[in-house]
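Enquirer: work24.pdb (PDB, C-alpha atoms) pasted underneath:
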ATOM      1  CA  MET A  85      43.544  22.886 -63.969
ATOM      2  CA  GLU A  86      41.723  24.441 -61.034
ATOM      3  CA  LEU A  87      45.005  24.972 -59.188
ATOM      4  CA  PHE A  88      46.611  26.490 -62.296
ATOM      5  CA  LEU A  89      43.741  28.964 -62.744
ATOM      6  CA  ASN A  90      43.934  29.904 -59.061
ATOM      7  CA  ILE A  91      47.667  30.570 -59.343
ATOM      8  CA  VAL A  92      47.277  32.742 -62.475
ATOM      9  CA  SER A  93      44.408  34.670 -60.873
ATOM     10  CA  ALA A  94      46.386  35.245 -57.664
ATOM     11  CA  PHE A  95      49.361  36.437 -59.732
ATOM     12  CA  PHE A  96      47.199  39.032 -61.525
ATOM     13  CA  ILE A  97      45.566  40.253 -58.308
ATOM     14  CA  ILE A  98      48.891  40.560 -56.464
ATOM     15  CA  SER A  99      50.374  42.455 -59.444
ATOM     16  CA  GLY A 100      47.426  44.860 -59.324
ATOM     17  CA  ILE A 101      47.916  45.476 -55.615
ATOM     18  CA  PHE A 102      51.626  46.029 -56.240
ATOM     19  CA  PHE A 103      50.816  48.782 -58.767
ATOM     20  CA  PHE A 104      48.317  50.311 -56.333
ATOM     21  CA  THR A 105      51.107  50.398 -53.741
ATOM     22  CA  VAL A 106      53.431  52.123 -56.229
ATOM     23  CA  GLY A 107      50.733  54.738 -56.876
ATOM     24  CA  VAL A 108      50.255  55.435 -53.173
ATOM     25  CA  VAL A 109      54.023  55.765 -52.627
ATOM     26  CA  GLY A 110      54.120  58.246 -55.514
ATOM     27  CA  LEU A 111      51.182  60.155 -54.059
ATOM     28  CA  ILE A 112      52.892  60.515 -50.696
ATOM     29  CA  ARG A 113      56.513  61.084 -51.782
ATOM     30  CA  MET A 114      56.306  63.247 -54.941
ATOM     31  CA  PRO A 115      57.004  66.973 -54.510
ATOM     32  CA  ASP A 116      54.427  68.596 -56.820
ATOM     33  CA  VAL A 117      50.730  68.371 -57.742
ATOM     34  CA  PHE A 118      51.450  67.498 -61.364
ATOM     35  CA  SER A 119      53.996  64.806 -60.531
ATOM     36  CA  ARG A 120      51.596  63.352 -57.968
ATOM     37  CA  LEU A 121      48.863  63.127 -60.597
ATOM     38  CA  HIS A 122      51.398  61.680 -63.043
ATOM     39  CA  ALA A 123      52.397  58.988 -60.539
ATOM     40  CA  THR A 124      48.955  57.982 -59.316
ATOM     41  CA  THR A 125      46.821  58.006 -62.455
ATOM     42  CA  LYS A 126      48.777  55.548 -64.583
ATOM     43  CA  ALA A 127      49.597  53.190 -61.720
ATOM     44  CA  ASP A 128      45.972  53.099 -60.527
ATOM     45  CA  THR A 129      44.557  52.533 -64.007
ATOM     46  CA  LEU A 130      46.901  49.594 -64.611
ATOM     47  CA  GLY A 131      46.315  48.203 -61.120
ATOM     48  CA  ALA A 132      42.519  48.235 -61.518
ATOM     49  CA  GLY A 133      42.870  46.458 -64.869
ATOM     50  CA  LEU A 134      45.095  43.733 -63.423
ATOM     51  CA  VAL A 135      42.813  43.111 -60.432
ATOM     52  CA  VAL A 136      39.730  42.881 -62.687
ATOM     53  CA  VAL A 137      41.485  40.435 -65.037
ATOM     54  CA  GLY A 138      42.401  38.274 -62.034
ATOM     55  CA  LEU A 139      38.808  38.303 -60.798
ATOM     56  CA  ALA A 140      37.501  37.472 -64.297
ATOM     57  CA  ILE A 141      39.760  34.415 -64.394
ATOM     58  CA  GLN A 142      38.351  33.472 -61.010
ATOM     59  CA  THR A 143      34.672  33.747 -61.997
ATOM     60  CA  GLY A 144      34.910  32.149 -65.440
ATOM     61  CA  PHE A 145      32.732  33.296 -68.339
ATOM     62  CA  SER A 146      29.378  34.433 -66.935
ATOM     63  CA  ARG A 147      27.219  37.500 -66.388
ATOM     64  CA  VAL A 148      29.479  38.576 -63.527
ATOM     65  CA  THR A 149      32.421  38.851 -65.912
ATOM     66  CA  VAL A 150      30.485  41.206 -68.195
ATOM     67  CA  GLY A 151      29.739  43.444 -65.206
ATOM     68  CA  LEU A 152      33.387  43.381 -64.128
ATOM     69  CA  PHE A 153      34.570  44.469 -67.566
ATOM     70  CA  MET A 154      31.894  47.183 -67.724
ATOM     71  CA  VAL A 155      33.277  48.672 -64.504
ATOM     72  CA  LEU A 156      36.808  48.327 -65.903
ATOM     73  CA  ALA A 157      35.872  50.129 -69.135
ATOM     74  CA  PHE A 158      34.265  52.926 -67.137
ATOM     75  CA  VAL A 159      37.327  53.327 -64.906
ATOM     76  CA  TRP A 160      39.666  53.317 -67.909
ATOM     77  CA  LEU A 161      37.610  56.064 -69.547
ATOM     78  CA  THR A 162      37.067  58.292 -66.530
ATOM     79  CA  ASN A 163      40.271  58.077 -64.482
ATOM     80  CA  PRO A 164      42.607  59.694 -67.065
ATOM     81  CA  THR A 165      39.906  62.221 -67.932
ATOM     82  CA  ALA A 166      39.522  63.268 -64.293
ATOM     83  CA  ALA A 167      43.296  63.573 -63.809
ATOM     84  CA  HIS A 168      43.663  65.637 -67.006
ATOM     85  CA  THR A 169      40.848  67.993 -65.994
ATOM     86  CA  LEU A 170      42.298  68.425 -62.510
ATOM     87  CA  ALA A 171      45.798  69.130 -63.857
ATOM     88  CA  LYS A 172      44.395  71.650 -66.344
ATOM     89  CA  ALA A 173      42.458  73.427 -63.584
ATOM     90  CA  GLN A 174      45.559  73.634 -61.385
ATOM     91  CA  TYR A 175      47.652  74.889 -64.344
ATOM     92  CA  THR A 176      45.100  77.608 -65.125
ATOM     93  CA  ARG A 177      45.046  78.738 -61.503
ATOM     94  CA  LYS A 178      48.821  78.779 -61.335
ATOM     95  CA  HIS A 179      49.137  81.005 -64.396
ATOM     96  CA  ARG A 180      46.475  83.375 -63.155
ATOM     97  CA  GLY A 181      48.630  83.837 -60.062
ATOM     98  CA  GLU A 182      46.096  82.610 -57.527
ATOM     99  CA  SER A 183      47.653  79.269 -56.729
ATOM    100  CA  ASP A 184      47.734  78.244 -53.082
ATOM    101  CA  ASP A 185      50.926  76.190 -53.028
TER     102      ASP A 185
ATOM    103  CA  MET B 536      40.610  31.383 -52.649
ATOM    104  CA  SER B 537      37.948  33.443 -50.927
ATOM    105  CA  THR B 538      40.269  33.949 -47.953
ATOM    106  CA  PHE B 539      42.997  35.178 -50.301
ATOM    107  CA  ILE B 540      40.629  37.706 -51.890
ATOM    108  CA  VAL B 541      39.596  39.030 -48.474
ATOM    109  CA  PHE B 542      43.290  39.365 -47.579
ATOM    110  CA  CYS B 543      43.866  41.449 -50.740
ATOM    111  CA  ALA B 544      40.847  43.585 -49.817
ATOM    112  CA  THR B 545      42.461  44.260 -46.440
ATOM    113  CA  ALA B 546      45.613  45.417 -48.231
ATOM    114  CA  LEU B 547      43.489  47.828 -50.292
ATOM    115  CA  VAL B 548      41.903  49.262 -47.120
ATOM    116  CA  ILE B 549      45.383  49.903 -45.656
ATOM    117  CA  LEU B 550      46.454  51.629 -48.913
ATOM    118  CA  SER B 551      43.320  53.801 -48.840
ATOM    119  CA  PHE B 552      44.134  55.011 -45.335
ATOM    120  CA  ALA B 553      47.703  55.749 -46.481
ATOM    121  CA  SER B 554      46.278  57.899 -49.312
ATOM    122  CA  LEU B 555      44.120  59.800 -46.815
ATOM    123  CA  TRP B 556      47.351  61.208 -45.389
ATOM    124  CA  ARG B 557      47.852  63.233 -48.583
ATOM    125  CA  ALA B 558      44.238  64.418 -48.449
ATOM    126  CA  PHE B 559      44.909  65.600 -44.883
ATOM    127  CA  VAL B 560      48.202  67.471 -45.337
ATOM    128  CA  GLY B 561      48.186  68.242 -49.095
ATOM    129  CA  PRO B 562      49.078  71.927 -49.554
ATOM    130  CA  SER B 563      46.740  72.715 -52.447
ATOM    131  CA  VAL B 564      43.149  71.847 -53.279
ATOM    132  CA  ALA B 565      44.184  69.734 -56.279
ATOM    133  CA  ASP B 566      46.337  67.558 -54.003
ATOM    134  CA  ARG B 567      43.366  66.740 -51.824
ATOM    135  CA  VAL B 568      41.113  66.012 -54.801
ATOM    136  CA  ALA B 569      43.779  63.774 -56.366
ATOM    137  CA  ALA B 570      44.080  61.836 -53.092
ATOM    138  CA  ILE B 571      40.302  61.381 -52.869
ATOM    139  CA  ASN B 572      40.306  60.221 -56.512
ATOM    140  CA  VAL B 573      42.912  57.574 -55.657
ATOM    141  CA  VAL B 574      40.849  56.444 -52.661
ATOM    142  CA  SER B 575      37.719  56.171 -54.815
ATOM    143  CA  ILE B 576      39.476  53.978 -57.405
ATOM    144  CA  LYS B 577      40.683  51.741 -54.581
ATOM    145  CA  VAL B 578      37.212  51.488 -53.055
ATOM    146  CA  THR B 579      35.715  50.600 -56.464
ATOM    147  CA  THR B 580      38.231  47.763 -56.816
ATOM    148  CA  LEU B 581      37.558  46.739 -53.208
ATOM    149  CA  ILE B 582      33.812  46.407 -53.867
ATOM    150  CA  LEU B 583      34.575  44.248 -56.926
ATOM    151  CA  LEU B 584      36.857  42.004 -54.851
ATOM    152  CA  LEU B 585      34.222  41.597 -52.138
ATOM    153  CA  SER B 586      31.488  40.846 -54.689
ATOM    154  CA  VAL B 587      33.557  37.960 -56.073
ATOM    155  CA  ALA B 588      34.621  36.743 -52.615
ATOM    156  CA  PHE B 589      31.072  36.690 -51.188
ATOM    157  CA  GLU B 590      29.395  35.764 -54.518
ATOM    158  CA  THR B 591      26.892  38.626 -54.368
ATOM    159  CA  THR B 592      26.391  39.793 -57.943
ATOM    160  CA  SER B 593      24.529  42.991 -57.102
ATOM    161  CA  TYR B 594      27.659  44.600 -55.577
ATOM    162  CA  ILE B 595      29.001  45.144 -59.104
ATOM    163  CA  SER B 596      26.305  47.765 -59.770
ATOM    164  CA  VAL B 597      27.297  49.429 -56.495
ATOM    165  CA  ALA B 598      30.897  49.635 -57.743
ATOM    166  CA  LEU B 599      29.763  51.199 -61.032
ATOM    167  CA  VAL B 600      27.665  53.844 -59.249
ATOM    168  CA  TYR B 601      30.548  54.596 -56.855
ATOM    169  CA  ALA B 602      32.915  55.171 -59.790
ATOM    170  CA  MET B 603      30.374  57.498 -61.426
ATOM    171  CA  ILE B 604      29.933  59.559 -58.231
ATOM    172  CA  ALA B 605      33.703  59.944 -57.807
ATOM    173  CA  PHE B 606      34.128  61.051 -61.442
ATOM    174  CA  VAL B 607      31.377  63.671 -61.222
ATOM    175  CA  ALA B 608      32.775  64.984 -57.916
ATOM    176  CA  THR B 609      36.261  65.392 -59.419
ATOM    177  CA  LEU B 610      34.885  67.169 -62.503
ATOM    178  CA  GLY B 611      32.826  69.501 -60.306
ATOM    179  CA  VAL B 612      35.784  70.527 -58.158
ATOM    180  CA  ALA B 613      37.981  71.010 -61.248
ATOM    181  CA  LYS B 614      35.354  73.256 -62.867
ATOM    182  CA  TYR B 615      35.003  75.254 -59.669
ATOM    183  CA  LEU B 616      38.786  75.705 -59.498
ATOM    184  CA  THR B 617      38.909  76.909 -63.104
ATOM    185  CA  LYS B 618      35.913  79.258 -63.299
ATOM    186  CA  GLY B 619      35.309  80.188 -59.678
ATOM    187  CA  ALA B 620      31.626  79.243 -59.970
ATOM    188  CA  LEU B 621      29.540  76.205 -60.791
ATOM    189  CA  ASP B 622      27.049  77.716 -63.234
TER     190      ASP B 622
END
Step by step, read the file and then write its structure as structure tokens.
Expert:
Amino acid sequence: MELFLNIVSAFFIISGIFFFTVGVVGLIRMPDVFSRLHATTKADTLGAGLVVVGLAIQTGFSRVTVGLFMVLAFVWLTNPTAAHTLAKAQYTRKHRGESDD
Amino acid sequence: MSTFIVFCATALVILSFASLWRAFVGPSVADRVAAINVVSIKVTTLILLLSVAFETTSYISVALVYAMIAFVATLGVAKYLTKGALD
């Protein structure tokens, strides 16, 4: 049972790191600000969720798990909000004609 | 298992340095802020990984505060880009 839980936890953590890698590749390779935000935000949000689920399987049900899911809830609330606000700011600048790219 | 978690944390550090490339060259301000946002999400996850690997519970609060600081910094830069002032 211990080995099984370790394998499931390692699978979740490696999947999370895979999605982080996809986000970084999108951040480096995409041609535009909006497509870069589009690539990174979703991949990072999913990657953080997968890593936290893997760690929660590792720790079992305790106070640590509650803290892990609090951080996860905060990241899931704030990361899309930050990306949306940044994209809106860049869009406003672009249509005022003072964009710098 | 602890060795595996530290190995994954090393992978996250390498990815963070790869994201710093976009913060260095990125043509517009929003590119740089997006890259720093990506780095901050990775560092938050990294602190969580290290707290489980070293079994130090208090690092989880550090991760929460780091996520809050990154969010407020992104909102501040976005507001400055939109209005031209921070009042």
Enquirer: Name the residues that the ChimeraX specification (/B :<9) & /A picks from the file above, as number ranges by chain, using the file's chain letters and numbers.
Expert: A: 90, 94, 97-98, 101, 104-105, 107-109, 111-112, 116-118, 120-121, 124-125, 128-129, 132, 135-136, 139, 142-143, 147-148, 151-152, 154-155, 158-159, 162-163, 165-167, 169-174, 176-177, 183-185
Enquirer: Would you save the residues from that selection as an mmCIF file, in the coordinates of the input, using C-alpha atoms?
Expert:
data_model
loop_
_atom_site.group_PDB
_atom_site.id
_atom_site.type_symbol
_atom_site.label_atom_id
_atom_site.label_comp_id
_atom_site.auth_asym_id
_atom_site.auth_seq_id
_atom_site.Cartn_x
_atom_site.Cartn_y
_atom_site.Cartn_z
ATOM 1 C CA ASN A 90 43.934 29.904 -59.061
ATOM 2 C CA ALA A 94 46.386 35.245 -57.664
ATOM 3 C CA ILE A 97 45.566 40.253 -58.308
ATOM 4 C CA ILE A 98 48.891 40.560 -56.464
ATOM 5 C CA ILE A 101 47.916 45.476 -55.615
ATOM 6 C CA PHE A 104 48.317 50.311 -56.333
ATOM 7 C CA THR A 105 51.107 50.398 -53.741
ATOM 8 C CA GLY A 107 50.733 54.738 -56.876
ATOM 9 C CA VAL A 108 50.255 55.435 -53.173
ATOM 10 C CA VAL A 109 54.023 55.765 -52.627
ATOM 11 C CA LEU A 111 51.182 60.155 -54.059
ATOM 12 C CA ILE A 112 52.892 60.515 -50.696
ATOM 13 C CA ASP A 116 54.427 68.596 -56.820
ATOM 14 C CA VAL A 117 50.730 68.371 -57.742
ATOM 15 C CA PHE A 118 51.450 67.498 -61.364
ATOM 16 C CA ARG A 120 51.596 63.352 -57.968
ATOM 17 C CA LEU A 121 48.863 63.127 -60.597
ATOM 18 C CA THR A 124 48.955 57.982 -59.316
ATOM 19 C CA THR A 125 46.821 58.006 -62.455
ATOM 20 C CA ASP A 128 45.972 53.099 -60.527
ATOM 21 C CA THR A 129 44.557 52.533 -64.007
ATOM 22 C CA ALA A 132 42.519 48.235 -61.518
ATOM 23 C CA VAL A 135 42.813 43.111 -60.432
ATOM 24 C CA VAL A 136 39.730 42.881 -62.687
ATOM 25 C CA LEU A 139 38.808 38.303 -60.798
ATOM 26 C CA GLN A 142 38.351 33.472 -61.010
ATOM 27 C CA THR A 143 34.672 33.747 -61.997
ATOM 28 C CA ARG A 147 27.219 37.500 -66.388
ATOM 29 C CA VAL A 148 29.479 38.576 -63.527
ATOM 30 C CA GLY A 151 29.739 43.444 -65.206
ATOM 31 C CA LEU A 152 33.387 43.381 -64.128
ATOM 32 C CA MET A 154 31.894 47.183 -67.724
ATOM 33 C CA VAL A 155 33.277 48.672 -64.504
ATOM 34 C CA PHE A 158 34.265 52.926 -67.137
ATOM 35 C CA VAL A 159 37.327 53.327 -64.906
ATOM 36 C CA THR A 162 37.067 58.292 -66.530
ATOM 37 C CA ASN A 163 40.271 58.077 -64.482
ATOM 38 C CA THR A 165 39.906 62.221 -67.932
ATOM 39 C CA ALA A 166 39.522 63.268 -64.293
ATOM 40 C CA ALA A 167 43.296 63.573 -63.809
ATOM 41 C CA THR A 169 40.848 67.993 -65.994
ATOM 42 C CA LEU A 170 42.298 68.425 -62.510
ATOM 43 C CA ALA A 171 45.798 69.130 -63.857
ATOM 44 C CA LYS A 172 44.395 71.650 -66.344
ATOM 45 C CA ALA A 173 42.458 73.427 -63.584
ATOM 46 C CA GLN A 174 45.559 73.634 -61.385
ATOM 47 C CA THR A 176 45.100 77.608 -65.125
ATOM 48 C CA ARG A 177 45.046 78.738 -61.503
ATOM 49 C CA SER A 183 47.653 79.269 -56.729
ATOM 50 C CA ASP A 184 47.734 78.244 -53.082
ATOM 51 C CA ASP A 185 50.926 76.190 -53.028
#
Enquirer: How many Å separate CA of Val92 in chain A from CA of Ala157 in chain A?
Expert: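 Computing the Euclidean distance for CA of Val92 in chain A and CA of Ala157 in chain A yields 21.8 Å.
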Enquirer: Using Å and a single decimal, report how far CA of Val106 in chain A sits from CA of Ile141 in chain A.
Expert: 23.8 Å
Enquirer: What gap, in Å, lies between CA of Phe103 in chain A and CA of Gly131 in chain A?
Expert: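 CA of Phe103 in chain A sits 5.1 Å away from CA of Gly131 in chain A.
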Enquirer: Box for range 547-564 of chain B - axis-aligned, 8 Å on each of the six sides, all listed atoms - centre and size in Å to one decimal, as lines of an AutoDock Vina configuration file.
Expert:
center_x = 45.5
center_y = 60.3
center_z = -49.1
size_x = 23.2
size_y = 40.9
size_z = 24.4
Enquirer: From the block you just saw, export range 561-579 of chain B: N, CA and C atoms, as a PDB file, in the first residue's frame.
Expert:
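As a result, part-v7.pdb now contains:
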ATOM      1  N   GLY B 561      12.176  40.221 -22.878  1.00  0.00           N
ATOM      2  CA  GLY B 561      10.804  40.510 -23.284  1.00  0.00           C
ATOM      3  C   GLY B 561      10.587  41.924 -23.763  1.00  0.00           C
ATOM      4  N   PRO B 562      10.020  42.146 -24.966  1.00  0.00           N
ATOM      5  CA  PRO B 562       9.999  43.494 -25.527  1.00  0.00           C
ATOM      6  C   PRO B 562       9.125  44.466 -24.744  1.00  0.00           C
ATOM      7  N   SER B 563       8.016  44.020 -24.176  1.00  0.00           N
ATOM      8  CA  SER B 563       7.150  44.976 -23.493  1.00  0.00           C
ATOM      9  C   SER B 563       7.178  44.724 -21.987  1.00  0.00           C
ATOM     10  N   VAL B 564       6.568  45.684 -21.256  1.00  0.00           N
ATOM     11  CA  VAL B 564       6.543  45.570 -19.803  1.00  0.00           C
ATOM     12  C   VAL B 564       5.698  44.376 -19.370  1.00  0.00           C
ATOM     13  N   ALA B 565       4.586  44.141 -20.088  1.00  0.00           N
ATOM     14  CA  ALA B 565       3.690  43.042 -19.699  1.00  0.00           C
ATOM     15  C   ALA B 565       4.371  41.685 -19.860  1.00  0.00           C
ATOM     16  N   ASP B 566       5.290  41.575 -20.832  1.00  0.00           N
ATOM     17  CA  ASP B 566       6.051  40.328 -20.969  1.00  0.00           C
ATOM     18  C   ASP B 566       6.874  40.047 -19.726  1.00  0.00           C
ATOM     19  N   ARG B 567       7.549  41.095 -19.255  1.00  0.00           N
ATOM     20  CA  ARG B 567       8.411  40.902 -18.082  1.00  0.00           C
ATOM     21  C   ARG B 567       7.583  40.559 -16.855  1.00  0.00           C
ATOM     22  N   VAL B 568       6.431  41.237 -16.687  1.00  0.00           N
ATOM     23  CA  VAL B 568       5.602  40.959 -15.519  1.00  0.00           C
ATOM     24  C   VAL B 568       5.012  39.552 -15.593  1.00  0.00           C
ATOM     25  N   ALA B 569       4.644  39.113 -16.821  1.00  0.00           N
ATOM     26  CA  ALA B 569       4.122  37.750 -16.961  1.00  0.00           C
ATOM     27  C   ALA B 569       5.193  36.723 -16.613  1.00  0.00           C
ATOM     28  N   ALA B 570       6.446  36.991 -17.021  1.00  0.00           N
ATOM     29  CA  ALA B 570       7.532  36.056 -16.701  1.00  0.00           C
ATOM     30  C   ALA B 570       7.773  35.998 -15.192  1.00  0.00           C
ATOM     31  N   ILE B 571       7.732  37.165 -14.525  1.00  0.00           N
ATOM     32  CA  ILE B 571       7.948  37.166 -13.079  1.00  0.00           C
ATOM     33  C   ILE B 571       6.791  36.472 -12.365  1.00  0.00           C
ATOM     34  N   ASN B 572       5.572  36.590 -12.933  1.00  0.00           N
ATOM     35  CA  ASN B 572       4.419  35.883 -12.363  1.00  0.00           C
ATOM     36  C   ASN B 572       4.615  34.368 -12.456  1.00  0.00           C
ATOM     37  N   VAL B 573       5.112  33.908 -13.591  1.00  0.00           N
ATOM     38  CA  VAL B 573       5.385  32.471 -13.760  1.00  0.00           C
ATOM     39  C   VAL B 573       6.437  32.004 -12.756  1.00  0.00           C
ATOM     40  N   VAL B 574       7.494  32.808 -12.595  1.00  0.00           N
ATOM     41  CA  VAL B 574       8.548  32.446 -11.638  1.00  0.00           C
ATOM     42  C   VAL B 574       7.982  32.377 -10.218  1.00  0.00           C
ATOM     43  N   SER B 575       7.082  33.307  -9.886  1.00  0.00           N
ATOM     44  CA  SER B 575       6.555  33.319  -8.511  1.00  0.00           C
ATOM     45  C   SER B 575       5.669  32.100  -8.247  1.00  0.00           C
ATOM     46  N   ILE B 576       4.889  31.673  -9.247  1.00  0.00           N
ATOM     47  CA  ILE B 576       4.089  30.453  -9.066  1.00  0.00           C
ATOM     48  C   ILE B 576       5.005  29.253  -8.857  1.00  0.00           C
ATOM     49  N   LYS B 577       6.102  29.216  -9.631  1.00  0.00           N
ATOM     50  CA  LYS B 577       7.038  28.096  -9.486  1.00  0.00           C
ATOM     51  C   LYS B 577       7.709  28.112  -8.130  1.00  0.00           C
ATOM     52  N   VAL B 578       8.057  29.283  -7.620  1.00  0.00           N
ATOM     53  CA  VAL B 578       8.723  29.347  -6.317  1.00  0.00           C
ATOM     54  C   VAL B 578       7.746  28.967  -5.199  1.00  0.00           C
ATOM     55  N   THR B 579       6.463  29.353  -5.342  1.00  0.00           N
ATOM     56  CA  THR B 579       5.465  28.928  -4.352  1.00  0.00           C
ATOM     57  C   THR B 579       5.373  27.407  -4.289  1.00  0.00           C
TER      58      THR B 579
END
